[in-house]
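Engineer: Below is the file upload.txt, which contains compact mmCIF, C-alpha atoms.
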```txt
# COMPACT_ATOMS: atom_id res chain seq x y z
CA MET A 1 25.50 -23.96 -2.23
CA ARG A 2 22.85 -21.49 -1.05
CA LYS A 3 23.87 -18.96 1.59
CA GLU A 4 22.19 -19.08 5.00
CA ILE A 5 20.63 -15.79 6.16
CA ALA A 6 21.98 -14.85 9.58
CA PRO A 7 19.63 -14.69 12.62
CA SER A 8 20.47 -11.00 13.02
CA GLU A 9 19.27 -10.25 9.46
CA LEU A 10 15.99 -12.19 9.45
CA ILE A 11 14.77 -12.34 13.03
CA LEU A 12 12.38 -15.10 14.07
CA ASN A 13 10.34 -15.42 17.23
CA ALA A 14 10.78 -18.38 19.58
CA ASP A 15 7.88 -20.19 17.90
CA GLY A 16 9.51 -19.84 14.47
CA SER A 17 7.27 -17.01 13.22
CA VAL A 18 8.66 -13.90 11.51
CA TYR A 19 9.53 -11.19 13.99
CA HIS A 20 7.11 -8.30 13.41
CA LEU A 21 4.14 -9.96 11.71
CA HIS A 22 4.19 -12.97 14.07
CA LEU A 23 3.21 -15.27 11.20
CA LYS A 24 4.30 -18.69 9.99
CA PRO A 25 4.00 -19.70 6.32
CA GLU A 26 0.91 -21.80 6.94
CA ASN A 27 -0.90 -18.76 8.42
CA LEU A 28 -0.77 -16.81 5.16
CA ALA A 29 -2.97 -17.02 2.04
CA SER A 30 -1.56 -16.14 -1.38
CA LEU A 31 -4.26 -13.44 -1.75
CA ILE A 32 -3.74 -10.70 0.84
CA PHE A 33 -5.76 -7.57 1.53
CA THR A 34 -4.07 -4.92 3.66
CA VAL A 35 -5.47 -1.99 5.62
CA GLY A 36 -3.61 0.70 7.52
CA ASP A 37 -5.89 0.95 10.55
CA PRO A 38 -5.92 -2.15 12.81
CA ASP A 39 -9.62 -1.53 13.52
CA ARG A 40 -10.39 -2.09 9.83
CA VAL A 41 -9.21 -5.71 9.80
CA GLN A 42 -12.50 -6.97 11.21
CA LEU A 43 -14.36 -4.69 8.78
CA VAL A 44 -12.91 -6.90 6.04
CA SER A 45 -12.99 -10.29 7.79
CA GLN A 46 -16.67 -9.84 8.72
CA TYR A 47 -17.33 -10.80 5.09
CA PHE A 48 -15.34 -14.07 5.38
CA ASP A 49 -17.38 -17.27 5.45
CA GLU A 50 -14.97 -18.58 8.07
CA ILE A 51 -11.89 -17.36 9.95
CA GLU A 52 -9.31 -20.05 10.66
CA PHE A 53 -6.50 -17.97 12.15
CA LYS A 54 -6.02 -14.71 14.06
CA THR A 55 -2.95 -13.06 15.52
CA GLN A 56 -1.70 -9.64 16.59
CA LYS A 57 1.67 -8.09 17.27
CA ARG A 58 2.03 -4.31 17.61
CA GLU A 59 -0.02 -2.69 14.82
CA PHE A 60 0.07 -5.84 12.69
CA ILE A 61 -3.22 -7.73 13.05
CA THR A 62 -3.90 -10.71 10.77
CA HIS A 63 -7.05 -12.70 10.02
CA THR A 64 -6.89 -15.62 7.57
CA GLY A 65 -9.94 -17.51 6.40
CA ARG A 66 -12.10 -18.33 3.40
CA ILE A 67 -14.69 -16.71 1.19
CA GLY A 68 -16.31 -19.54 -0.73
CA LYS A 69 -13.46 -21.73 -1.94
CA THR A 70 -10.89 -18.91 -1.86
CA ARG A 71 -8.43 -18.70 1.02
CA VAL A 72 -7.73 -15.08 1.89
CA THR A 73 -5.74 -13.04 4.42
CA VAL A 74 -6.44 -9.52 5.67
CA MET A 75 -3.89 -7.68 7.77
CA SER A 76 -3.20 -4.22 9.15
CA THR A 77 0.05 -2.38 8.51
CA GLY A 78 -0.02 0.90 10.36
CA MET A 79 0.92 4.06 8.47
CA GLY A 80 3.92 4.97 6.33
CA THR A 81 6.37 3.28 3.99
CA ASP A 82 8.66 2.36 6.90
CA ASN A 83 5.94 -0.07 8.04
CA ILE A 84 5.40 -1.22 4.46
CA GLU A 85 9.08 -2.11 4.18
CA ILE A 86 8.70 -4.42 7.21
CA LEU A 87 5.44 -5.85 5.87
CA MET A 88 6.69 -6.59 2.34
CA THR A 89 10.02 -8.00 3.49
CA GLU A 90 8.47 -10.37 6.01
CA LEU A 91 5.63 -11.43 3.70
CA ASP A 92 8.22 -12.27 1.07
CA ALA A 93 10.30 -14.18 3.62
CA LEU A 94 7.28 -16.29 4.56
CA VAL A 95 6.91 -17.65 1.01
CA ASN A 96 10.41 -17.38 -0.48
CA ILE A 97 12.72 -18.34 2.38
CA ASN A 98 12.89 -21.68 4.13
CA LEU A 99 12.61 -20.45 7.71
CA GLU A 100 14.10 -23.66 9.11
CA THR A 101 17.28 -23.68 6.99
CA ARG A 102 17.30 -19.86 6.48
CA GLU A 103 17.99 -20.36 2.77
CA VAL A 104 16.27 -18.67 -0.16
CA LYS A 105 14.02 -21.11 -2.00
CA PRO A 106 15.08 -21.92 -5.60
CA ILE A 107 11.70 -20.93 -7.12
CA ASN A 108 10.19 -17.53 -6.35
CA LYS A 109 6.52 -17.46 -5.26
CA SER A 110 4.49 -14.38 -6.12
CA LEU A 111 1.80 -13.10 -3.74
CA GLN A 112 -1.18 -10.95 -4.70
CA ILE A 113 -1.31 -7.99 -2.30
CA ILE A 114 -4.14 -5.45 -2.47
CA ARG A 115 -4.12 -2.34 -0.30
CA LEU A 116 -7.54 -1.03 0.79
CA GLY A 117 -6.82 2.49 2.01
CA THR A 118 -8.16 6.00 2.44
CA SER A 119 -6.88 8.98 0.51
CA GLY A 120 -7.37 12.66 -0.22
CA ALA A 121 -7.97 13.87 -3.79
CA MET A 122 -5.97 16.79 -5.15
CA GLN A 123 -8.09 17.43 -8.27
CA TYR A 124 -11.43 19.27 -8.19
CA ASP A 125 -13.19 16.66 -10.36
CA ILE A 126 -12.56 13.68 -8.01
CA PRO A 127 -15.56 13.58 -5.67
CA VAL A 128 -15.52 12.61 -2.03
CA GLY A 129 -17.03 9.15 -1.67
CA SER A 130 -15.55 7.82 -4.91
CA LEU A 131 -13.12 4.93 -5.48
CA LEU A 132 -9.69 5.30 -7.11
CA ALA A 133 -7.07 2.77 -8.20
CA SER A 134 -3.43 3.88 -8.25
CA SER A 135 -2.02 2.95 -11.66
CA LYS A 136 1.32 4.33 -10.52
CA ALA A 137 2.69 6.06 -7.42
CA ILE A 138 5.44 8.56 -6.73
CA GLY A 139 7.23 8.34 -3.40
CA LEU A 140 8.27 11.55 -1.64
CA ASP A 141 9.86 9.42 1.08
CA THR A 142 13.47 8.23 0.97
CA LEU A 143 12.88 4.47 1.28
CA MET A 144 14.21 3.69 -2.18
CA GLN A 145 17.51 5.44 -1.47
CA PHE A 146 18.44 2.15 0.25
CA TYR A 147 17.30 -0.35 -2.40
CA PRO A 148 18.25 -1.16 -6.03
CA ASN A 149 17.02 1.21 -8.73
CA LEU A 150 13.66 0.56 -10.33
CA SER A 151 13.66 -0.23 -14.04
CA ASN A 152 10.48 1.67 -14.97
CA SER A 153 10.20 5.30 -16.11
CA GLN A 154 10.98 7.99 -13.53
CA VAL A 155 9.55 10.99 -15.40
CA TRP A 156 7.10 11.94 -12.66
CA GLY A 157 9.74 11.78 -9.95
CA ASN A 158 12.07 13.97 -11.98
CA LEU A 159 9.32 16.53 -12.65
CA ILE A 160 8.30 16.75 -8.99
CA LYS A 161 11.92 17.14 -7.89
CA LYS A 162 12.29 20.10 -10.25
CA GLU A 163 8.93 21.69 -9.38
CA LEU A 164 9.43 21.50 -5.59
CA ASN A 165 13.23 22.08 -5.73
CA LEU A 166 13.87 18.96 -3.65
CA ASP A 167 17.32 17.75 -2.58
CA PHE A 168 16.49 14.16 -3.58
CA TYR A 169 14.75 12.33 -6.42
CA PRO A 170 11.25 11.04 -5.68
CA TYR A 171 10.78 7.52 -7.06
CA GLN A 172 8.07 6.27 -9.41
CA ALA A 173 6.65 2.74 -9.21
CA GLU A 174 3.89 0.92 -11.08
CA ALA A 175 0.84 -1.13 -10.13
CA SER A 176 0.44 -4.75 -11.16
CA GLN A 177 -1.12 -4.89 -14.63
CA LEU A 178 -2.52 -8.32 -13.79
CA LEU A 179 -4.53 -6.87 -10.90
CA LEU A 180 -5.46 -3.63 -12.67
CA GLU A 181 -7.12 -5.64 -15.42
CA LYS A 182 -9.58 -7.11 -12.89
CA LEU A 183 -11.08 -3.70 -12.07
CA ASP A 184 -14.23 -2.24 -13.58
CA SER A 185 -15.71 1.21 -14.17
CA ARG A 186 -16.40 1.75 -10.47
CA PHE A 187 -12.73 2.68 -10.10
CA ARG A 188 -11.15 5.81 -11.52
CA MET A 189 -7.49 5.36 -12.50
CA GLY A 190 -5.07 7.74 -10.80
CA ILE A 191 -1.48 8.71 -10.12
CA THR A 192 -0.85 8.71 -6.39
CA LEU A 193 1.64 10.78 -4.41
CA THR A 194 2.98 8.91 -1.39
CA CYS A 195 4.12 11.25 1.36
CA PRO A 196 6.28 10.67 4.48
CA GLY A 197 3.75 12.36 6.75
CA PHE A 198 0.16 13.59 6.99
CA TYR A 199 0.54 17.31 7.62
CA ALA A 200 3.38 19.38 6.09
CA PRO A 201 4.45 16.62 3.65
CA GLN A 202 0.93 16.85 2.18
CA GLY A 203 0.89 20.65 2.25
CA ARG A 204 -1.26 21.02 5.39
CA THR A 205 -0.78 23.93 7.81
CA VAL A 206 -1.74 23.61 11.49
CA ARG A 207 0.63 25.54 13.78
CA LEU A 208 3.76 25.01 11.72
CA LYS A 209 3.90 26.44 8.22
CA PRO A 210 5.23 23.96 5.64
CA LYS A 211 8.64 24.75 4.19
CA LEU A 212 7.33 24.21 0.64
CA ASP A 213 5.08 27.11 -0.39
CA ASN A 214 1.87 26.40 -2.33
CA MET A 215 2.69 22.70 -2.50
CA LEU A 216 -0.86 21.56 -3.24
CA GLU A 217 -1.34 24.12 -6.01
CA LYS A 218 1.99 23.30 -7.63
CA LEU A 219 1.50 19.55 -7.56
CA SER A 220 -2.12 19.54 -8.71
CA SER A 221 -1.21 21.63 -11.76
CA LEU A 222 1.55 19.29 -13.02
CA GLU A 223 0.80 17.32 -16.18
CA ILE A 224 2.54 14.69 -18.29
CA SER A 225 0.92 13.29 -21.44
CA ARG A 226 -2.45 14.73 -20.33
CA GLU A 227 -2.24 12.94 -16.98
CA LYS A 228 -2.21 14.66 -13.59
CA LEU A 229 -1.50 13.65 -10.01
CA THR A 230 -4.77 12.60 -8.39
CA ASN A 231 -4.37 11.91 -4.68
CA PHE A 232 -2.23 11.94 -1.53
CA GLU A 233 -1.60 9.04 0.86
CA MET A 234 1.32 7.46 2.76
CA GLU A 235 2.05 3.89 1.58
CA THR A 236 1.39 3.07 -2.08
CA ALA A 237 4.77 3.90 -3.64
CA GLY A 238 6.53 1.72 -1.06
CA TYR A 239 4.19 -1.18 -1.87
CA TYR A 240 4.74 -0.85 -5.61
CA ALA A 241 8.51 -0.41 -5.46
CA LEU A 242 9.15 -3.37 -3.16
CA GLY A 243 6.57 -5.46 -4.98
CA ALA A 244 8.41 -4.89 -8.25
CA LEU A 245 11.81 -5.71 -6.75
CA LEU A 246 10.59 -8.83 -4.91
CA GLY A 247 8.35 -10.14 -7.67
CA HIS A 248 4.87 -9.74 -6.15
CA GLU A 249 1.64 -8.48 -7.74
CA VAL A 250 0.54 -5.36 -5.85
CA LEU A 251 -2.37 -2.94 -6.24
CA SER A 252 -3.51 0.01 -4.15
CA LEU A 253 -7.21 0.87 -4.02
CA ASN A 254 -8.33 4.12 -2.41
CA ALA A 255 -11.52 5.32 -0.77
CA ILE A 256 -11.53 9.07 -1.45
CA ILE A 257 -12.65 10.64 1.82
CA ALA A 258 -11.34 14.19 1.27
CA ASN A 259 -10.93 16.68 -1.55
CA ARG A 260 -8.07 18.99 -0.66
CA ASN A 261 -8.70 21.74 -3.24
CA LYS A 262 -12.38 21.96 -2.28
CA GLY A 263 -11.66 21.68 1.45
CA GLU A 264 -14.21 18.85 1.75
CA PHE A 265 -14.18 15.80 4.01
CA ASP A 266 -16.50 12.80 3.70
CA LYS A 267 -19.45 13.11 6.09
CA GLU A 268 -19.78 9.32 6.20
CA PRO A 269 -16.25 7.93 5.64
CA GLU A 270 -17.18 4.57 7.15
CA LYS A 271 -19.68 3.98 4.34
CA THR A 272 -17.09 4.84 1.69
CA VAL A 273 -14.55 2.47 3.25
CA ASP A 274 -17.17 -0.30 3.42
CA LEU A 275 -18.03 0.32 -0.24
CA LEU A 276 -14.35 -0.09 -1.12
CA ILE A 277 -14.08 -3.33 0.88
CA ARG A 278 -17.22 -4.93 -0.57
CA THR A 279 -16.35 -3.89 -4.13
CA ALA A 280 -12.79 -5.23 -3.90
CA LEU A 281 -13.88 -8.56 -2.41
CA LYS A 282 -16.41 -9.09 -5.21
CA LEU A 283 -13.86 -8.26 -7.92
CA PHE A 284 -10.95 -10.32 -6.62
CA ILE A 285 -12.65 -13.34 -5.04
CA LYS A 286 -14.59 -15.86 -7.06
CA LYS A 287 -16.92 -17.90 -4.87
```
In structure tokens, write the structure found in this file.

Structural biologist:
Amino acid sequence: MRKEIAPSELILNADGSVYHLHLKPENLASLIFTVGDPDRVQLVSQYFDEIEFKTQKREFITHTGRIGKTRVTVMSTGMGTDNIEILMTELDALVNINLETREVKPINKSLQIIRLGTSGAMQYDIPVGSLLASSKAIGLDTLMQFYPNLSNSQVWGNLIKKELNLDFYPYQAEASQLLLEKLDSRFRMGITLTCPGFYAPQGRTVRLKPKLDNMLEKLSSLEISREKLTNFEMETAGYYALGALLGHEVLSLNAIIANRNKGEFDKEPEKTVDLLIRTALKLFIKK
């Protein structure tokens, strides 16, 4: 007999939708594009042939529609792996839990989730305005201290812990090979560092000096098997870790709008983001 999930553990709204995303199963496509900024949702859905559903709750905005014969969802997440934990858990609940009986379904359904985000490069040879796919990500946040261990290699997490003298182990998670294989030469492959903040956790100094000295220089010089860390952002490792544990195909694609070592910022970031959106839609949607 399957165990019922208590109302306090999986909270539903009065209309039966999941609590934070405000979605019902029928509102969600199996192919999902995510963006951090709520204003970017319509930048993606403007390329839909039709939009059949829209909703918003807090920073989570969702548009579901069609491009050709393909049903597709785009939704905003806000920033940080704390938001990604909510997103991934509730997306999984929508397809793998019977919300009426509160029981886990006997057969697991796998979603395809593709993050379309912005990022800052940490290597000199990654130009502003380019596109980068995260083949793996290392989380400097503590989200995975609360979930089961990942089965993949943790060599990058162990190296970063040693180099920065951290009190915890960063976690390493992998992109979906199924989705990576759909990319072409317009994307550079990279190893992404997911940070729990935008300023000091990424080595930036404004008024407060970061506790970790020369963080950018130390991290950008690390190398394993001729590979180096390529970029900073704030969500990818959380996506990959929870995707692996829950059984979903997840990929993070990055518009590089800054180069930290060169001190450069994209003069036209909107164009780079639009390039990322249009390129991803063409690669992952067959009309």

Engineer: Would you mind listing what lies within 10 Å of range 119-125 of chain A as number ranges by chain, with only C-alpha atoms counted and same-chain residues fewer than 6 positions away left out?

Structural biologist: A: 131-132, 190, 192-193, 202, 216-217, 219-221, 228-234, 253-266

Engineer: Have a look at A:Lys57, A:Gln46, A:Ala137, A:Glu52 and name the one nearest to Ser17 in chain A; count all atoms listed in the file.

Structural biologist: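 That would be A:Lys57, the residue with the smallest distance to Ser17 in chain A.
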
Engineer: Could you check the closest approach to Phe53 in chain A for each of A:Glu100, A:Asp167, A:His22, A:Val128 and tell me which residue wins, using all atoms listed in the file?

Structural biologist: A:His22

Engineer: Which residue is closest to Glu163 in chain A? Choose from A:Arg58, A:His20, A:Lys282, A:Lys218 and count only C-alpha atoms.

Structural biologist: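 Between A:Arg58, A:His20, A:Lys282, A:Lys218, the residue approaching Glu163 in chain A most closely is A:Lys218.
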
Engineer: Looking at A:Leu91, A:Glu227, A:Pro210, A:Val44, which one is nearest to Thr279 in chain A, with distances taken over only C-alpha atoms?

Structural biologist: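 Counting only C-alpha atoms, the residue closest to Thr279 in chain A is A:Val44.
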
Engineer: For Gly243 in chain A, find every residue with an atom within 10 Å (counting only C-alpha atoms), except residues of its own chain fewer than 6 positions away, and show them as an NGL selection string.

Structural biologist: :A and (88-89 or 92 or 110-113 or 173-176 or 237 or 249-251)

Engineer: Write out, as an mmCIF file, in the coordinates of the input, the residues just selected, with C-alpha atoms.

Structural biologist:
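So the final result, stored in selection.cif, reads:
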```
data_model
loop_
_atom_site.group_PDB
_atom_site.id
_atom_site.type_symbol
_atom_site.label_atom_id
_atom_site.label_comp_id
_atom_site.auth_asym_id
_atom_site.auth_seq_id
_atom_site.Cartn_x
_atom_site.Cartn_y
_atom_site.Cartn_z
ATOM 1 C CA MET A 88 6.690 -6.590 2.340
ATOM 2 C CA THR A 89 10.020 -8.000 3.490
ATOM 3 C CA ASP A 92 8.220 -12.270 1.070
ATOM 4 C CA SER A 110 4.490 -14.380 -6.120
ATOM 5 C CA LEU A 111 1.800 -13.100 -3.740
ATOM 6 C CA GLN A 112 -1.180 -10.950 -4.700
ATOM 7 C CA ILE A 113 -1.310 -7.990 -2.300
ATOM 8 C CA ALA A 173 6.650 2.740 -9.210
ATOM 9 C CA GLU A 174 3.890 0.920 -11.080
ATOM 10 C CA ALA A 175 0.840 -1.130 -10.130
ATOM 11 C CA SER A 176 0.440 -4.750 -11.160
ATOM 12 C CA ALA A 237 4.770 3.900 -3.640
ATOM 13 C CA GLU A 249 1.640 -8.480 -7.740
ATOM 14 C CA VAL A 250 0.540 -5.360 -5.850
ATOM 15 C CA LEU A 251 -2.370 -2.940 -6.240
#
```

Engineer: Select, from A:Gly117, A:Pro25, A:Gly197, A:Gly16, the residue with the minimum atom-to-atom distance to Thr272 in chain A, counting only C-alpha atoms.

Structural biologist: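 When distances to Thr272 in chain A are compared using only C-alpha atoms, the smallest one comes from A:Gly117.
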
Engineer: Here is a test: counting only C-alpha atoms, which residue of A:Met189, A:Leu178, A:Leu166, A:Leu116 is nearest to Asp141 in chain A?

Structural biologist: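 Closest candidate: A:Leu166.
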
Engineer: Could you state the separation of CA of Gly247 in chain A and CA of Ile84 in chain A in Å, given to one decimal place?

Structural biologist: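 CA of Ile84 in chain A lies 15.3 Å from CA of Gly247 in chain A.
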
Engineer: Would you pick out the contacts of range 32-36 of chain A at 8 Å or less, using all atoms listed in the file, so that residues sharing its chain but fewer than 2 positions from it are not included, and give the list as a list of chain:residue names?

Structural biologist: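 Surrounding residues, per the criterion: A:Ala29, A:Ser30, A:Pro38, A:Arg40, A:Val41, A:Val72, A:Thr73, A:Val74, A:Met75, A:Ser76, A:Thr77, A:Gly78, A:Met79, A:Leu111, A:Gln112, A:Ile113, A:Ile114, A:Arg115, A:Leu116, A:Gly117.
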
Engineer: Just how far from CA of Val18 in chain A is CA of Ala93 in chain A, in Å to one decimal?

Structural biologist: 8.1 Å

Engineer: Show which residues sit within 12 Å of Pro7 in chain A, as a VMD selection string. Count all atoms listed in the file, and ignore same-chain residues fewer than 6 positions away.

Structural biologist: chain A and resid 13 to 14 16 18 to 19 99 to 103

Engineer: If I only have part of range 125-146 of chain A, can you fill in N, CA, C and O atoms and write it as a JSON list (two decimals), in the coordinates of the input?

Structural biologist:
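Saved as out-v6.json:
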```json
[["chain", "number", "residue", "atom", "x", "y", "z"],
["A", 125, "ASP", "N", -12.17, 17.52, -9.75],
["A", 125, "ASP", "CA", -13.19, 16.66, -10.36],
["A", 125, "ASP", "C", -13.22, 15.24, -9.78],
["A", 125, "ASP", "O", -13.89, 14.36, -10.34],
["A", 126, "ILE", "N", -12.51, 15.00, -8.67],
["A", 126, "ILE", "CA", -12.56, 13.68, -8.01],
["A", 126, "ILE", "C", -13.42, 13.82, -6.76],
["A", 126, "ILE", "O", -12.99, 14.40, -5.76],
["A", 127, "PRO", "N", -14.64, 13.32, -6.78],
["A", 127, "PRO", "CA", -15.56, 13.58, -5.67],
["A", 127, "PRO", "C", -15.26, 12.76, -4.42],
["A", 127, "PRO", "O", -14.78, 11.62, -4.50],
["A", 128, "VAL", "N", -15.55, 13.34, -3.29],
["A", 128, "VAL", "CA", -15.52, 12.61, -2.03],
["A", 128, "VAL", "C", -16.54, 11.49, -2.11],
["A", 128, "VAL", "O", -17.65, 11.65, -2.64],
["A", 129, "GLY", "N", -16.15, 10.30, -1.61],
["A", 129, "GLY", "CA", -17.03, 9.15, -1.67],
["A", 129, "GLY", "C", -16.78, 8.25, -2.86],
["A", 129, "GLY", "O", -17.42, 7.21, -2.98],
["A", 130, "SER", "N", -15.84, 8.62, -3.73],
["A", 130, "SER", "CA", -15.55, 7.82, -4.91],
["A", 130, "SER", "C", -14.41, 6.84, -4.64],
["A", 130, "SER", "O", -13.74, 6.90, -3.60],
["A", 131, "LEU", "N", -14.16, 5.93, -5.59],
["A", 131, "LEU", "CA", -13.12, 4.93, -5.48],
["A", 131, "LEU", "C", -12.07, 5.18, -6.57],
["A", 131, "LEU", "O", -12.40, 5.47, -7.71],
["A", 132, "LEU", "N", -10.79, 5.03, -6.19],
["A", 132, "LEU", "CA", -9.69, 5.30, -7.11],
["A", 132, "LEU", "C", -8.63, 4.22, -7.00],
["A", 132, "LEU", "O", -8.25, 3.83, -5.90],
["A", 133, "ALA", "N", -8.16, 3.74, -8.15],
["A", 133, "ALA", "CA", -7.07, 2.77, -8.20],
["A", 133, "ALA", "C", -5.80, 3.49, -8.64],
["A", 133, "ALA", "O", -5.82, 4.27, -9.59],
["A", 134, "SER", "N", -4.70, 3.23, -7.94],
["A", 134, "SER", "CA", -3.43, 3.88, -8.25],
["A", 134, "SER", "C", -2.72, 3.09, -9.35],
["A", 134, "SER", "O", -2.17, 2.02, -9.11],
["A", 135, "SER", "N", -2.72, 3.62, -10.57],
["A", 135, "SER", "CA", -2.02, 2.95, -11.66],
["A", 135, "SER", "C", -0.51, 3.07, -11.49],
["A", 135, "SER", "O", 0.25, 2.20, -11.92],
["A", 136, "LYS", "N", -0.09, 4.15, -10.88],
["A", 136, "LYS", "CA", 1.32, 4.33, -10.52],
["A", 136, "LYS", "C", 1.38, 5.21, -9.29],
["A", 136, "LYS", "O", 0.39, 5.87, -8.92],
["A", 137, "ALA", "N", 2.52, 5.24, -8.63],
["A", 137, "ALA", "CA", 2.69, 6.06, -7.42],
["A", 137, "ALA", "C", 4.08, 6.66, -7.41],
["A", 137, "ALA", "O", 5.04, 6.05, -7.89],
["A", 138, "ILE", "N", 4.17, 7.86, -6.86],
["A", 138, "ILE", "CA", 5.44, 8.56, -6.73],
["A", 138, "ILE", "C", 5.72, 8.76, -5.26],
["A", 138, "ILE", "O", 4.90, 9.31, -4.52],
["A", 139, "GLY", "N", 6.87, 8.28, -4.81],
["A", 139, "GLY", "CA", 7.23, 8.34, -3.40],
["A", 139, "GLY", "C", 8.04, 9.58, -3.06],
["A", 139, "GLY", "O", 9.13, 9.78, -3.61],
["A", 140, "LEU", "N", 7.52, 10.41, -2.15],
["A", 140, "LEU", "CA", 8.27, 11.55, -1.64],
["A", 140, "LEU", "C", 9.11, 11.17, -0.43],
["A", 140, "LEU", "O", 9.82, 12.01, 0.11],
["A", 141, "ASP", "N", 9.03, 9.91, -0.01],
["A", 141, "ASP", "CA", 9.86, 9.42, 1.08],
["A", 141, "ASP", "C", 11.21, 8.97, 0.53],
["A", 141, "ASP", "O", 11.42, 8.92, -0.69],
["A", 142, "THR", "N", 12.12, 8.60, 1.40],
["A", 142, "THR", "CA", 13.47, 8.23, 0.97],
["A", 142, "THR", "C", 13.74, 6.73, 1.04],
["A", 142, "THR", "O", 14.90, 6.30, 0.97],
["A", 143, "LEU", "N", 12.70, 5.91, 1.15],
["A", 143, "LEU", "CA", 12.88, 4.47, 1.28],
["A", 143, "LEU", "C", 13.76, 3.89, 0.17],
["A", 143, "LEU", "O", 14.66, 3.10, 0.42],
["A", 144, "MET", "N", 13.51, 4.31, -1.06],
["A", 144, "MET", "CA", 14.21, 3.69, -2.18],
["A", 144, "MET", "C", 15.64, 4.20, -2.37],
["A", 144, "MET", "O", 16.34, 3.78, -3.29],
["A", 145, "GLN", "N", 16.09, 5.09, -1.48],
["A", 145, "GLN", "CA", 17.51, 5.44, -1.47],
["A", 145, "GLN", "C", 18.36, 4.27, -0.97],
["A", 145, "GLN", "O", 19.58, 4.26, -1.16],
["A", 146, "PHE", "N", 17.72, 3.27, -0.37],
["A", 146, "PHE", "CA", 18.44, 2.15, 0.25],
["A", 146, "PHE", "C", 18.26, 0.83, -0.50],
["A", 146, "PHE", "O", 18.74, -0.20, -0.04]]
```
